[in-house]
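Q: Below is the file entry-v7.cif, which contains mmCIF, C-alpha atoms.
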```
data_work
loop_
_atom_site.label_atom_id
_atom_site.label_comp_id
_atom_site.auth_asym_id
_atom_site.auth_seq_id
_atom_site.Cartn_x
_atom_site.Cartn_y
_atom_site.Cartn_z
CA MET A 28 -41.81 2.51 -24.76
CA ARG A 29 -44.11 5.55 -24.85
CA ARG A 30 -43.38 8.59 -27.02
CA LEU A 31 -40.83 11.03 -25.51
CA SER A 32 -41.97 14.54 -24.63
CA PRO A 33 -40.38 17.51 -26.46
CA LEU A 34 -38.01 18.03 -23.51
CA TYR A 35 -36.30 14.75 -24.32
CA GLN A 36 -36.19 15.09 -28.11
CA PRO A 37 -32.59 16.41 -28.23
CA LEU A 38 -31.54 13.36 -26.23
CA ALA A 39 -33.60 10.66 -27.94
CA GLY A 40 -30.50 9.06 -29.41
CA LEU A 41 -28.68 9.16 -26.06
CA LEU A 42 -31.60 7.59 -24.17
CA ALA A 43 -32.01 4.92 -26.84
CA ALA A 44 -28.31 4.08 -26.62
CA ILE A 45 -28.41 3.85 -22.83
CA THR A 46 -31.49 1.62 -22.97
CA LEU A 47 -29.86 -0.61 -25.58
CA VAL A 48 -26.74 -1.03 -23.43
CA VAL A 49 -28.80 -1.93 -20.37
CA VAL A 50 -30.97 -4.40 -22.31
CA THR A 51 -28.24 -6.18 -24.22
CA SER A 52 -25.21 -6.15 -21.91
CA SER A 53 -26.54 -7.45 -18.62
CA ALA A 54 -28.35 -10.73 -18.17
CA LEU A 55 -28.24 -9.99 -14.46
CA ALA A 56 -30.52 -6.99 -14.96
CA LYS A 57 -33.19 -9.28 -16.41
CA GLU A 58 -32.97 -11.58 -13.40
CA GLN A 59 -33.33 -8.73 -10.92
CA GLY A 60 -36.44 -7.17 -12.48
CA ALA A 61 -37.51 -4.41 -14.83
CA ILE A 62 -35.06 -2.01 -16.44
CA PRO A 63 -35.24 1.35 -14.58
CA LEU A 64 -36.63 3.44 -17.44
CA ASP A 65 -37.87 6.16 -15.08
CA GLU A 66 -34.34 6.67 -13.74
CA LEU A 67 -32.97 6.76 -17.28
CA ARG A 68 -35.52 9.44 -18.16
CA THR A 69 -34.50 11.39 -15.05
CA PHE A 70 -30.86 11.16 -16.15
CA ALA A 71 -31.79 12.41 -19.62
CA GLU A 72 -33.79 15.31 -18.15
CA VAL A 73 -30.96 16.38 -15.80
CA TYR A 74 -28.47 16.07 -18.66
CA ASN A 75 -30.63 18.28 -20.89
CA GLN A 76 -31.23 20.88 -18.15
CA ILE A 77 -27.48 21.23 -17.61
CA ARG A 78 -26.81 21.24 -21.35
CA GLU A 79 -29.37 23.98 -22.01
CA GLY A 80 -29.36 26.07 -18.84
CA TYR A 81 -25.95 25.95 -17.15
CA VAL A 82 -24.29 29.37 -16.93
CA GLU A 83 -21.45 28.28 -19.20
CA GLU A 84 -21.78 26.18 -22.33
CA ILE A 85 -20.42 22.65 -21.93
CA ASP A 86 -19.99 20.35 -24.90
CA ASP A 87 -21.69 16.96 -24.84
CA SER A 88 -18.51 14.88 -24.61
CA THR A 89 -17.30 16.78 -21.54
CA LEU A 90 -20.69 16.51 -19.85
CA LEU A 91 -20.88 12.77 -20.47
CA GLU A 92 -17.34 12.39 -19.13
CA TYR A 93 -18.43 14.16 -15.93
CA ALA A 94 -21.38 11.75 -15.66
CA ILE A 95 -19.05 8.74 -15.98
CA GLN A 96 -16.70 10.17 -13.35
CA GLY A 97 -19.64 10.71 -11.00
CA MET A 98 -20.85 7.13 -11.39
CA LEU A 99 -17.46 5.69 -10.50
CA MET A 100 -16.75 8.13 -7.65
CA GLY A 101 -20.00 7.06 -6.02
CA LEU A 102 -18.93 3.41 -5.82
CA ASP A 103 -15.84 3.31 -3.61
CA PRO A 104 -12.56 5.23 -3.10
CA HIS A 105 -10.61 3.14 -5.62
CA SER A 106 -12.89 2.92 -8.67
CA MET A 107 -12.14 5.72 -11.11
CA TYR A 108 -12.37 6.94 -14.69
CA MET A 109 -8.99 7.12 -16.38
CA THR A 110 -8.05 9.44 -19.20
CA ARG A 111 -4.97 8.73 -21.30
CA ASP A 112 -2.74 10.70 -18.87
CA ALA A 113 -4.17 8.92 -15.80
CA PHE A 114 -3.67 5.51 -17.41
CA LYS A 115 -0.07 6.40 -18.31
CA SER A 116 0.53 7.58 -14.73
CA LEU A 117 -0.66 4.23 -13.40
CA GLN A 118 1.70 2.38 -15.72
CA ASP A 119 4.61 4.66 -14.75
CA THR A 120 3.97 4.03 -11.06
CA THR A 121 4.05 0.24 -11.42
CA LYS A 122 7.26 0.55 -13.47
CA GLY A 123 8.82 2.47 -10.58
CA GLU A 124 9.54 5.94 -11.99
CA PHE A 125 7.46 9.09 -12.41
CA SER A 126 7.59 12.83 -11.71
CA GLY A 127 5.66 14.25 -8.78
CA LEU A 128 5.52 14.32 -4.98
CA GLY A 129 5.84 10.61 -4.22
CA ILE A 130 2.58 10.12 -2.39
CA GLU A 131 -0.05 7.36 -2.63
CA VAL A 132 -3.54 8.82 -2.17
CA GLY A 133 -7.16 7.73 -2.10
CA MET A 134 -10.59 9.30 -1.59
CA GLU A 135 -12.49 9.37 1.71
CA ASN A 136 -15.76 11.27 2.18
CA GLY A 137 -14.89 13.56 -0.70
CA TYR A 138 -11.42 14.37 0.62
CA VAL A 139 -8.03 13.29 -0.71
CA LYS A 140 -6.41 11.09 1.92
CA VAL A 141 -2.76 10.08 2.19
CA ILE A 142 -2.32 6.30 2.13
CA SER A 143 1.45 6.39 2.27
CA PRO A 144 4.45 8.55 1.31
CA ILE A 145 7.01 6.77 -0.87
CA ASP A 146 10.52 6.16 0.43
CA GLY A 147 12.96 8.94 -0.45
CA SER A 148 10.26 11.19 -1.92
CA PRO A 149 9.55 14.90 -1.31
CA ALA A 150 6.38 13.82 0.53
CA GLU A 151 8.38 11.67 2.96
CA ALA A 152 10.99 14.39 3.46
CA ALA A 153 8.22 16.88 4.31
CA GLY A 154 6.91 14.56 7.02
CA LEU A 155 3.56 13.62 5.44
CA GLN A 156 1.98 10.63 7.17
CA SER A 157 -0.54 7.93 6.42
CA GLY A 158 -3.99 9.23 7.31
CA ASP A 159 -3.24 12.91 6.57
CA ILE A 160 -6.03 14.73 4.72
CA ILE A 161 -5.09 17.08 1.87
CA LEU A 162 -7.42 20.03 2.32
CA LYS A 163 -6.00 22.37 -0.32
CA LEU A 164 -3.70 22.15 -3.34
CA ASP A 165 -2.05 25.51 -4.03
CA ASN A 166 -4.85 27.15 -1.98
CA VAL A 167 -7.56 25.48 -4.08
CA PRO A 168 -9.91 23.35 -1.92
CA ALA A 169 -9.42 19.64 -2.68
CA LYS A 170 -12.88 18.63 -1.45
CA GLY A 171 -15.08 17.96 -4.45
CA MET A 172 -12.17 17.20 -6.77
CA SER A 173 -12.03 13.79 -8.38
CA LEU A 174 -9.00 11.68 -7.51
CA ASN A 175 -7.76 12.13 -11.08
CA GLU A 176 -7.95 15.91 -10.78
CA ALA A 177 -6.03 15.93 -7.50
CA ILE A 178 -3.34 13.61 -8.88
CA ASP A 179 -3.00 15.74 -12.05
CA ILE A 180 -2.39 18.82 -9.89
CA MET A 181 0.19 17.06 -7.69
CA ARG A 182 2.08 15.63 -10.66
CA GLY A 183 4.23 18.05 -12.62
CA PRO A 184 7.69 18.84 -13.94
CA LYS A 185 10.71 18.26 -11.73
CA GLY A 186 11.69 21.35 -9.74
CA SER A 187 8.24 22.97 -9.68
CA ASN A 188 6.63 23.91 -6.35
CA ILE A 189 3.27 23.14 -4.82
CA ASP A 190 1.72 24.14 -1.48
CA LEU A 191 -0.41 21.61 0.39
CA THR A 192 -2.75 22.36 3.28
CA ILE A 193 -2.83 19.32 5.54
CA GLY A 194 -5.28 18.21 8.21
CA ARG A 195 -3.94 15.67 10.70
CA THR A 196 -5.68 13.75 13.46
CA GLY A 197 -4.61 15.06 16.85
CA GLN A 198 -3.80 18.55 15.58
CA SER A 199 -6.44 21.21 16.05
CA GLN A 200 -5.30 23.40 13.15
CA PRO A 201 -4.38 22.57 9.54
CA PHE A 202 -0.81 23.32 8.52
CA GLU A 203 0.97 24.27 5.30
CA VAL A 204 3.64 22.20 3.55
CA LYS A 205 5.66 23.43 0.56
CA LEU A 206 6.93 20.64 -1.68
CA VAL A 207 9.23 20.61 -4.69
CA ARG A 208 8.32 18.02 -7.31
CA ASP A 209 11.02 15.55 -8.22
CA THR A 210 11.58 12.44 -10.30
CA ILE A 211 10.36 9.62 -8.09
CA LYS A 212 12.40 6.47 -8.52
CA VAL A 213 10.84 3.83 -6.35
CA ALA A 214 13.52 1.39 -5.22
CA SER A 215 11.20 -1.55 -4.73
CA VAL A 216 13.61 -3.64 -2.63
CA ARG A 217 16.62 -2.88 -0.41
CA GLU A 218 18.59 -5.22 1.83
CA ARG A 219 21.25 -4.90 4.54
CA TRP A 220 22.56 -6.53 7.71
CA LEU A 221 21.26 -5.40 11.09
CA GLU A 222 23.80 -7.49 12.99
CA ASN A 223 25.81 -10.58 12.23
CA GLY A 224 23.36 -13.21 11.00
CA TYR A 225 20.29 -10.96 11.10
CA GLY A 226 19.18 -9.60 7.75
CA TYR A 227 16.78 -6.82 6.77
CA ILE A 228 14.77 -6.51 3.57
CA ARG A 229 12.68 -3.42 2.86
CA VAL A 230 9.90 -3.66 0.23
CA ALA A 231 8.67 -0.14 -0.59
CA GLN A 232 6.14 -1.05 -3.28
CA PHE A 233 5.02 -4.14 -5.20
CA GLN A 234 6.15 -3.60 -8.78
CA ARG A 235 6.43 -6.07 -11.64
CA ARG A 236 9.90 -7.32 -10.63
CA THR A 237 9.47 -7.22 -6.85
CA GLY A 238 9.29 -11.00 -6.41
CA THR A 239 12.52 -11.45 -8.36
CA ASP A 240 14.18 -8.55 -6.52
CA VAL A 241 13.35 -10.02 -3.09
CA ARG A 242 14.68 -13.42 -4.17
CA GLU A 243 17.94 -11.80 -5.32
CA ALA A 244 18.21 -9.80 -2.07
CA LEU A 245 17.81 -13.00 -0.04
CA GLN A 246 20.38 -14.82 -2.14
CA LYS A 247 22.82 -11.93 -1.71
CA LEU A 248 22.46 -12.05 2.08
CA GLN A 249 22.74 -15.84 2.15
CA SER A 250 25.91 -15.75 0.05
CA GLU A 251 27.61 -13.41 2.52
CA GLU A 252 26.72 -15.08 5.81
CA LYS A 253 24.42 -17.67 7.36
CA LEU A 254 21.01 -16.11 8.00
CA LYS A 255 19.75 -16.64 11.54
CA GLY A 256 16.73 -14.35 11.21
CA LEU A 257 15.11 -11.84 8.87
CA VAL A 258 13.08 -8.64 9.23
CA LEU A 259 10.73 -8.02 6.29
CA ASP A 260 9.76 -4.34 6.42
CA LEU A 261 6.41 -3.54 4.75
CA ARG A 262 5.73 -0.28 6.61
CA ASN A 263 4.31 2.52 4.45
CA ASN A 264 4.09 0.13 1.50
CA PRO A 265 0.90 1.14 -0.35
CA GLY A 266 0.71 -2.11 -2.33
CA GLY A 267 0.85 -2.51 -6.09
CA ILE A 268 0.63 -5.60 -8.26
CA LEU A 269 -1.19 -8.52 -6.64
CA ARG A 270 0.84 -11.15 -8.51
CA SER A 271 4.06 -9.70 -7.06
CA SER A 272 2.74 -10.05 -3.52
CA VAL A 273 2.07 -13.73 -4.21
CA ASP A 274 5.62 -14.14 -5.56
CA VAL A 275 7.10 -12.56 -2.41
CA ALA A 276 5.01 -14.63 0.03
CA SER A 277 5.90 -17.79 -1.91
CA LEU A 278 9.59 -17.30 -1.10
CA PHE A 279 8.88 -17.99 2.58
CA LEU A 280 6.23 -20.73 2.37
CA ASN A 281 6.23 -24.44 1.62
CA GLY A 282 3.14 -24.39 -0.57
CA GLY A 283 -0.42 -23.59 0.44
CA THR A 284 -2.79 -20.74 -0.37
CA VAL A 285 -1.41 -17.21 -0.33
CA VAL A 286 -4.63 -15.33 -1.11
CA TYR A 287 -7.92 -15.86 -2.89
CA THR A 288 -10.36 -13.40 -4.43
CA GLU A 289 -14.14 -13.41 -4.78
CA GLY A 290 -16.32 -11.21 -6.97
CA ARG A 291 -19.52 -11.17 -9.04
CA VAL A 292 -17.99 -11.87 -12.45
CA GLU A 293 -16.91 -15.40 -13.24
CA ASP A 294 -13.16 -14.81 -13.58
CA ALA A 295 -13.01 -12.82 -10.31
CA ASP A 296 -12.91 -16.01 -8.20
CA VAL A 297 -9.22 -16.94 -8.19
CA SER A 298 -6.97 -18.73 -5.69
CA TYR A 299 -3.22 -18.09 -5.64
CA SER A 300 -0.88 -20.72 -4.17
CA ALA A 301 2.77 -20.69 -3.14
CA ASP A 302 5.42 -22.88 -4.67
CA PRO A 303 6.44 -25.71 -2.31
CA LEU A 304 9.89 -24.26 -1.59
CA ASP A 305 10.80 -21.95 1.30
CA ILE A 306 14.15 -20.60 0.11
CA THR A 307 14.95 -19.36 3.64
CA ASP A 308 14.75 -22.90 5.07
CA GLY A 309 12.40 -21.91 7.87
CA ILE A 310 14.47 -19.19 9.58
CA PRO A 311 12.57 -16.91 12.02
CA ILE A 312 10.92 -13.93 10.30
CA VAL A 313 9.40 -10.74 11.69
CA VAL A 314 7.19 -8.69 9.36
CA LEU A 315 6.83 -4.99 10.20
CA ILE A 316 3.57 -3.24 9.22
CA ASN A 317 1.82 0.05 10.04
CA GLN A 318 -1.16 2.14 8.96
CA GLY A 319 0.55 2.84 5.64
CA SER A 320 0.78 -0.87 4.76
CA ALA A 321 -2.00 -1.51 2.26
CA SER A 322 -3.30 -3.96 -0.31
CA ALA A 323 -0.45 -6.20 -1.54
CA SER A 324 1.47 -5.58 1.70
CA GLU A 325 -1.51 -6.89 3.65
CA ILE A 326 -1.69 -9.95 1.41
CA VAL A 327 1.90 -10.89 2.29
CA ALA A 328 1.50 -10.16 6.00
CA GLY A 329 -1.84 -12.01 6.18
CA ALA A 330 -0.49 -15.08 4.37
CA LEU A 331 2.61 -15.38 6.55
CA GLN A 332 0.49 -14.82 9.66
CA ASP A 333 -2.13 -17.43 8.73
CA HIS A 334 0.56 -20.01 7.90
CA SER A 335 2.31 -19.26 11.24
CA ARG A 336 5.44 -18.51 9.22
CA ALA A 337 6.22 -15.06 10.66
CA VAL A 338 5.51 -12.84 13.63
CA ILE A 339 3.67 -9.69 12.54
CA MET A 340 4.80 -6.63 14.50
CA GLY A 341 3.98 -2.93 14.46
CA THR A 342 0.56 -1.30 14.21
CA GLU A 343 -2.68 -2.21 12.42
CA SER A 344 -2.51 -1.96 8.65
CA PHE A 345 -4.56 0.25 6.30
CA GLY A 346 -7.36 -2.22 5.45
CA LYS A 347 -7.58 -2.16 1.63
CA GLY A 348 -8.94 -5.61 0.84
CA SER A 349 -10.30 -4.96 -2.66
CA VAL A 350 -9.01 -5.78 -6.13
CA GLN A 351 -9.18 -3.27 -8.98
CA THR A 352 -9.26 -4.23 -12.66
CA VAL A 353 -8.33 -1.79 -15.42
CA LEU A 354 -10.92 -2.10 -18.21
CA PRO A 355 -10.01 -0.27 -21.44
CA LEU A 356 -12.86 1.63 -23.10
CA SER A 357 -10.81 2.81 -26.07
CA ASP A 358 -7.19 3.52 -27.00
CA SER A 359 -7.22 6.62 -24.79
CA ARG A 360 -9.64 5.86 -21.95
CA ALA A 361 -10.24 3.17 -19.35
CA ILE A 362 -11.95 2.62 -16.03
CA LYS A 363 -10.38 1.19 -12.90
CA LEU A 364 -13.18 -0.82 -11.31
CA THR A 365 -13.30 -2.71 -8.03
CA THR A 366 -14.20 -6.23 -9.16
CA ALA A 367 -13.36 -8.47 -6.19
CA LEU A 368 -12.43 -8.71 -2.52
CA TYR A 369 -9.41 -10.68 -1.41
CA PHE A 370 -9.18 -13.03 1.55
CA THR A 371 -6.26 -14.45 3.52
CA PRO A 372 -5.69 -18.24 3.55
CA ASN A 373 -7.88 -18.60 6.68
CA GLY A 374 -10.74 -16.70 5.02
CA ARG A 375 -10.22 -13.31 6.65
CA SER A 376 -11.34 -10.24 4.73
CA ILE A 377 -9.01 -7.30 5.24
CA GLN A 378 -11.45 -4.75 3.81
CA ALA A 379 -11.80 -1.80 6.22
CA GLU A 380 -10.30 -3.96 9.00
CA GLY A 381 -6.61 -4.39 8.23
CA ILE A 382 -4.09 -6.88 9.56
CA VAL A 383 -3.81 -6.85 13.34
CA PRO A 384 -0.18 -7.41 14.42
CA ASP A 385 0.70 -10.30 16.71
CA ILE A 386 2.78 -7.86 18.77
CA LEU A 387 1.66 -4.23 18.92
CA VAL A 388 4.58 -1.81 18.86
CA GLU A 389 3.82 1.87 18.31
CA ARG A 390 6.42 4.05 16.63
CA ALA A 391 8.01 6.14 19.38
CA THR A 392 11.09 8.10 20.33
CA VAL A 393 13.02 6.00 22.83
CA THR A 394 16.06 7.06 24.83
CA ALA A 395 18.19 4.50 26.65
CA LEU A 396 18.78 5.39 30.29
CA ASN A 397 21.69 4.36 32.49
CA THR A 398 20.53 5.62 35.87
CA ARG A 399 22.58 3.24 38.03
CA ARG A 400 26.12 3.57 36.75
CA GLN A 401 28.32 1.14 38.63
CA VAL A 402 32.04 0.50 38.47
CA LYS A 403 32.88 -2.62 36.49
CA GLU A 404 36.09 -4.53 35.88
CA ALA A 405 36.54 -2.70 32.59
CA ASP A 406 36.65 0.62 34.48
CA LEU A 407 39.59 -0.40 36.65
CA SER A 408 43.02 0.94 35.76
CA GLY A 409 45.23 -1.71 34.17
CA HIS A 410 42.46 -4.25 33.52
CA LEU A 411 43.11 -6.98 30.99
CA ASP A 412 41.38 -6.59 27.62
CA ASN A 413 38.83 -9.11 26.35
CA ALA A 414 39.61 -10.63 22.97
CA ASN A 415 35.99 -10.16 21.87
CA GLN A 416 35.65 -6.59 23.17
CA LYS A 417 35.62 -4.88 19.75
CA ASN A 418 32.79 -7.05 18.44
CA ARG A 419 30.77 -6.43 21.59
CA ASP A 420 31.30 -2.68 21.35
CA ASP A 421 30.20 -2.71 17.69
CA VAL A 422 27.03 -4.62 18.55
CA ARG A 423 26.29 -2.34 21.52
CA ARG A 424 26.69 0.80 19.41
CA ALA A 425 24.50 -0.64 16.62
CA SER A 426 21.75 -1.67 19.04
CA THR A 427 21.72 1.69 20.84
CA GLY A 428 21.55 3.57 17.52
CA LEU A 429 18.67 1.41 16.29
CA LEU A 430 16.73 1.91 19.52
CA SER A 431 16.79 5.68 19.14
CA SER A 432 16.25 5.82 15.37
CA ASP A 433 13.65 3.07 14.83
CA ASN A 434 12.22 1.44 17.94
CA GLN A 435 9.97 -0.91 15.94
CA LEU A 436 12.92 -2.33 14.03
CA TYR A 437 14.88 -2.59 17.30
CA GLU A 438 12.06 -4.66 18.84
CA ALA A 439 11.90 -6.88 15.73
CA LEU A 440 15.63 -7.59 15.96
CA ALA A 441 15.37 -8.28 19.70
CA LEU A 442 12.60 -10.81 19.09
CA LEU A 443 14.61 -12.61 16.40
CA LYS A 444 17.62 -12.83 18.71
CA GLY A 445 15.43 -14.17 21.51
CA ILE A 446 13.98 -16.87 19.25
CA ASN A 447 17.46 -17.95 18.22
CA ILE A 448 18.79 -18.00 21.79
CA LEU A 449 15.88 -20.19 22.86
CA GLY A 450 16.42 -22.51 19.89
CA MET A 451 20.13 -22.90 20.58
CA ARG A 452 19.47 -23.67 24.24
CA ARG A 453 16.91 -26.30 23.31
CA ASP A 454 19.35 -27.88 20.86
CA SER A 455 22.09 -27.86 23.50
CA SER A 456 19.80 -29.46 26.10
CA ALA A 457 18.69 -32.11 23.63
CA SER A 458 22.31 -32.96 22.78
CA ALA A 459 23.23 -33.20 26.45
CA VAL A 460 20.35 -35.54 27.19
CA ALA A 461 21.24 -37.69 24.19
CA GLY A 462 24.87 -37.86 25.39
CA GLU A 463 23.83 -39.00 28.88
CA SER A 464 21.62 -41.76 27.56
#
```
Will you turn the file into C-alpha cells for me?
A:
Amino acid sequence: MRRLSPLYQPLAGLLAAITLVVVTSSALAKEQGAIPLDELRTFAEVYNQIREGYVEEIDDSTLLEYAIQGMLMGLDPHSMYMTRDAFKSLQDTTKGEFSGLGIEVGMENGYVKVISPIDGSPAEAAGLQSGDIILKLDNVPAKGMSLNEAIDIMRGPKGSNIDLTIGRTGQSQPFEVKLVRDTIKVASVRERWLENGYGYIRVAQFQRRTGTDVREALQKLQSEEKLKGLVLDLRNNPGGILRSSVDVASLFLNGGTVVYTEGRVEDADVSYSADPLDITDGIPIVVLINQGSASASEIVAGALQDHSRAVIMGTESFGKGSVQTVLPLSDSRAIKLTTALYFTPNGRSIQAEGIVPDILVERATVTALNTRRQVKEADLSGHLDNANQKNRDDVRRASTGLLSSDNQLYEALALLKGINILGMRRDSSASAVAGES
C-alpha cells in the first residue's frame, strides 16, 4: 500500500486496523474482488475532517460509535448498535417487565414507527395504533434519531410524563398525546371462555415461557369443559422469541415444518419442526391477526395456515420476515444484526408482504338493529316459560356484547359455531344412514 499523505497520519493506526479486519475476517471479500482501499481512505478522511474541524470537539470513541450506528442504520429497520442499556432493555422486554410506555417501535425512512402497543400499557390506553409515526418526543423532532435514542427517551421512571406528536394515515394534521410512564408487565398469555365449549387464548408477546403458558392455558380450559373450538388471538402481537413461536404452533400440529430460515452464514439455515402431537385433538381453530401482528406472530399464523390447521381471520399482518441475532462485541456492547429471512412451511417469505387472512374482517363499530319487531309467543301475557330460557338469554346477551365491543372476535366465534353445527349434522346424517342399512 502506498505511503499515506500527511492528512491521514493521525489515523494511520485506525486505517491499518480497518484494513487488517477486512483482510483477515472475510474470505467472502477475497472471492468478490479487491478490498475497497479507496473507500477506506475516504472514511479516514471524513473521520479526520470531523475530528479536526467540527464546531464542537468530539472524542474518538464517541465518533467511532456514531460511525458504527450509521453503518447499522443503513442496513434495515431492525439492525442496530446496542449499548449496555439497550441490551439490558432487550432482555427486560423478553422477560416481560420493564418501565416505559409499552410500545413496540421500528424505523421507517428515518422516522420512528409504531409496530404495536402492548396490552394494558399507557400507549394502548392513549389509543396509539400500529402504523402511527412518532414525529416528536417532548417537542424534539424524532426524524434523524437512531432507534436506540428514541427508545432511551421513551423509557424512564414510573410516573414521569412524555408528550408525543403523532402522524396517522387518514388524518391531515398531527396530534399530541400525553403519556405517563408505567411499569409494563406483559402478560404473555390469557385465556377465557367466550361461550360454552368455545375457548379464547390471547398471546400478547412471545416471551421465553410463552409455549409453556399456552399449553397450561389449553389444559386449564380442557379441564373445565370439552373444547368445541378455539380462538387464538395474535392481534397487536409484535413478536419476540422465535423458538417460542415454534413451541406454540407445535401445540396444534401433528408434526411437520413450522418455519425455516435462510441466510448467508452457515448456521443461519435452520428448519424448525413440530412435535407429532396436537394436544387439541384437531378442534376447529380461528387465528386473529391484524397490522400489529409481526414476526413470531406471523410464524404461527403462517404455519397453521399452510398446514390447513386453522382459519386465519382479520386483516393483513405487519410483514416482518427477518431474523435478528444479537452479537456481543464486549461485556457492555453488542449489535443486533439481521442474519436471515424466515419462510413458512410452503416456502412463503413474509418479508414486507405479511400474512393474508383467509377471511378479511376489518375492525369496525357494529350496532345490532331490530327494525322489524314482531310479537312472539314470549310476549303474550301468561305464556309458559321455556326450561332453557335462562341459558339462551345468557348466550344472546354475550353475543350482542361481543358484536359491539369486538366485531372481529364475534365473527371468529360465529365461524367456529358454524363449523361445529355442520360437523354435528354430518355426523347425525351418517349415523342415520348407517342405521337404515
Q: Could you name the residues that touch Pro384 of chain A at 8 Å or less, counting only C-alpha atoms, but leaving out those on the same chain fewer than 6 positions away, as an mmCIF file with C-alpha atoms, in the frame of the given file?
A:
```cif
data_model
loop_
_atom_site.group_PDB
_atom_site.id
_atom_site.type_symbol
_atom_site.label_atom_id
_atom_site.label_comp_id
_atom_site.auth_asym_id
_atom_site.auth_seq_id
_atom_site.Cartn_x
_atom_site.Cartn_y
_atom_site.Cartn_z
ATOM 1 C CA ILE A 316 3.570 -3.240 9.220
ATOM 2 C CA VAL A 338 5.510 -12.840 13.630
ATOM 3 C CA ILE A 339 3.670 -9.690 12.540
ATOM 4 C CA MET A 340 4.800 -6.630 14.500
ATOM 5 C CA GLY A 341 3.980 -2.930 14.460
ATOM 6 C CA THR A 342 0.560 -1.300 14.210
ATOM 7 C CA GLU A 343 -2.680 -2.210 12.420
#
```
Q: For a cutoff of 10 Å around the file-coordinate point (12.4, -19.1, 5.8), which residues qualify once you count all atoms listed in the file? I'd like the result as a PyMOL selection string.
A: chain A and resi 254-257+278-281+304-312+336-337
Q: Measuring atom to atom with all atoms listed in the file, identify which of A:Ala441, A:Ile362, A:Leu191, A:Val213 is nearest to Val313 of chain A.
A: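 Result for the nearest residue to Val313 of chain A: A:Ala441.
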Q: Around (-0.1, 9.9, 1.4) in the file's own coordinates, what residues are found within 12 Å if you use only C-alpha atoms, given back as number ranges by chain?
A: A: 128-134, 139-146, 148-151, 153-161, 178, 181, 191, 193-195, 263-265, 318-321, 345
Q: Find the residue from A:Asp296, A:Gly290, A:Thr237, A:Thr110 that sits nearest to Arg270 of chain A; use all atoms listed in the file when measuring.
A: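 For Arg270 of chain A, the nearest of the given residues is A:Thr237.
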